[in-house]
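Q: Okay, handing you the structure first.
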Amino acid sequence: MKKIKVFIERSTYGFSAYMEDNDLNYSCIGEGKSVHETIDDFNKSYAEMRAFFNENKLSFQEVDLEFYYDTASFLDEYAKVFSLAGLERITGINQTQLGHYLHNRSKPSRKTIEKMEMGIRKFADSLVSIKFA
């Protein structure tokens, strides 16, 4: 199945999600006050598009959706869970710099994005392996 990137970004409403440029004969968007609400809205849009195509006997290409955050949106969403100091410990990226990304004062390089992803994945893996007695 074809994989399609869906980008999540902050918007004036809260967050928005949109499909990357592709060769499909449709496109979908989503909005919400939170990332979770935005993804739910996007998935509803996708289901409605599928239903429209089916009702009109049009060919609908199913795709595998992969959601991607821009850095500012990720930091905004998870600032409710992690402090910038905590994210610094997890990612190794200075909290002042993380603050610049959060407030769109600067954009991270590809290398910095990869460093952030690696630190967050490593932290997530350590959480998944936790067992309580």
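If you're wondering about the labels, chains in the structure tokens are A, B, ... by order shown, residues count from 1 in each chain, ligands from 1 in order shown.
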Would you kindly return, as a ChimeraX atom specification, each protein, DNA or RNA residue with an atom no farther than 10 Å from any atom of range 73-84 of chain A, considering only C-alpha atoms and excluding same-chain residues fewer than 6 positions away?

A: /A:8-11,14-16,34-36,90,93-99,101-104

Q: What residues in range 43-100 of chain A get the DSSP label strand (DSSP E or B)? Please answer as a ChimeraX atom specification.

A: /A:63-69

Q: What's the 9 Å shell around range 17-19 of chain A, counting only C-alpha atoms, without same-chain residues fewer than 6 positions away, as a short mmCIF file (atom, residue, chain, number, x, y, z; two decimals) with N, CA, C and O atoms, in the first residue's frame?

A:
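So part.cif came out as:
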```cif
data_model
loop_
_atom_site.label_atom_id
_atom_site.label_comp_id
_atom_site.auth_asym_id
_atom_site.auth_seq_id
_atom_site.Cartn_x
_atom_site.Cartn_y
_atom_site.Cartn_z
N ILE A 4 1.60 7.75 2.50
CA ILE A 4 1.43 9.19 2.29
C ILE A 4 1.74 9.90 3.61
O ILE A 4 1.22 9.53 4.66
N LYS A 5 2.56 10.93 3.52
CA LYS A 5 2.87 11.73 4.70
C LYS A 5 1.75 12.74 4.93
O LYS A 5 1.26 13.37 4.00
N VAL A 6 1.38 12.87 6.20
CA VAL A 6 0.42 13.88 6.63
C VAL A 6 1.16 14.77 7.62
O VAL A 6 1.68 14.27 8.62
N PHE A 7 1.21 16.06 7.31
CA PHE A 7 1.96 16.99 8.14
C PHE A 7 1.03 17.69 9.12
O PHE A 7 -0.04 18.17 8.76
N ILE A 8 1.47 17.72 10.39
CA ILE A 8 0.72 18.40 11.45
C ILE A 8 1.48 19.67 11.80
O ILE A 8 2.67 19.63 12.09
N GLU A 9 0.76 20.79 11.75
CA GLU A 9 1.36 22.09 12.06
C GLU A 9 0.42 22.89 12.94
O GLU A 9 -0.79 22.69 12.92
N ARG A 10 1.00 23.83 13.66
CA ARG A 10 0.18 24.76 14.43
C ARG A 10 -0.54 25.68 13.46
O ARG A 10 -0.04 25.99 12.39
N SER A 27 -7.52 14.72 -1.87
CA SER A 27 -6.69 15.22 -0.79
C SER A 27 -7.58 15.42 0.43
O SER A 27 -8.79 15.60 0.28
N CYS A 28 -7.00 15.38 1.61
CA CYS A 28 -7.77 15.53 2.85
C CYS A 28 -7.04 16.50 3.78
O CYS A 28 -5.83 16.64 3.70
N ILE A 29 -7.82 17.12 4.65
CA ILE A 29 -7.25 18.00 5.68
C ILE A 29 -7.97 17.72 6.99
O ILE A 29 -9.02 17.08 7.01
N GLY A 30 -7.39 18.21 8.08
CA GLY A 30 -8.02 18.10 9.39
C GLY A 30 -7.64 19.29 10.24
O GLY A 30 -6.59 19.90 10.02
N GLU A 31 -8.49 19.63 11.19
CA GLU A 31 -8.22 20.73 12.13
C GLU A 31 -8.64 20.31 13.52
O GLU A 31 -9.52 19.47 13.68
N GLY A 32 -8.03 20.94 14.52
CA GLY A 32 -8.43 20.68 15.88
C GLY A 32 -7.69 21.57 16.86
O GLY A 32 -6.70 22.21 16.51
N VAL A 35 -3.53 18.08 18.92
CA VAL A 35 -3.04 17.17 17.88
C VAL A 35 -3.98 15.97 17.76
O VAL A 35 -4.34 15.56 16.65
N THR A 38 -7.02 16.91 15.94
CA THR A 38 -6.69 17.15 14.54
C THR A 38 -6.55 15.85 13.76
O THR A 38 -7.07 15.72 12.65
N ILE A 39 -5.88 14.87 14.35
CA ILE A 39 -5.73 13.57 13.70
C ILE A 39 -7.10 12.90 13.55
O ILE A 39 -7.41 12.33 12.50
N ASP A 41 -9.98 14.42 13.26
CA ASP A 41 -10.69 15.15 12.21
C ASP A 41 -10.15 14.76 10.83
O ASP A 41 -10.91 14.59 9.88
N PHE A 42 -8.83 14.60 10.72
CA PHE A 42 -8.23 14.19 9.46
C PHE A 42 -8.74 12.81 9.06
O PHE A 42 -9.11 12.58 7.90
N LEU A 65 -1.39 6.12 5.94
CA LEU A 65 -1.10 7.49 6.37
C LEU A 65 -0.03 7.49 7.46
O LEU A 65 -0.12 6.73 8.42
N PHE A 67 1.79 10.18 10.02
CA PHE A 67 1.68 11.54 10.53
C PHE A 67 3.05 12.06 10.97
O PHE A 67 3.78 11.36 11.66
#
```

Q: Return as a PyMOL selection string the full set of residues in range 18-119 of chain A whose backbone-based DSSP assignment is alpha helix (DSSP H).

A: chain A and resi 35-55+71-78+84-91+95-102+110-119

Q: To one decimal in Å, tell me the separation between CA of Lys107 in chain A and CA of Tyr68 in chain A.

A: 15.6 Å

Q: Do a neighbour search on Asp64 in chain A at 7 Å with only C-alpha atoms, toss out local chain neighbours closer than 4 positions, and write the hits as a PyMOL selection string.

A: chain A and resi 1-4

Q: Write the residues of the selection above to a file with C-alpha atoms, as a PDB file, in the first residue's frame.

A:
```pdb
ATOM      1  CA  MET A   1       0.000   0.000   0.000  1.00  0.00           C
ATOM      2  CA  LYS A   2       1.271   3.465  -0.853  1.00  0.00           C
ATOM      3  CA  LYS A   3       2.484   5.538   2.114  1.00  0.00           C
ATOM      4  CA  ILE A   4       1.433   9.187   2.295  1.00  0.00           C
TER       5      ILE A   4
END
```
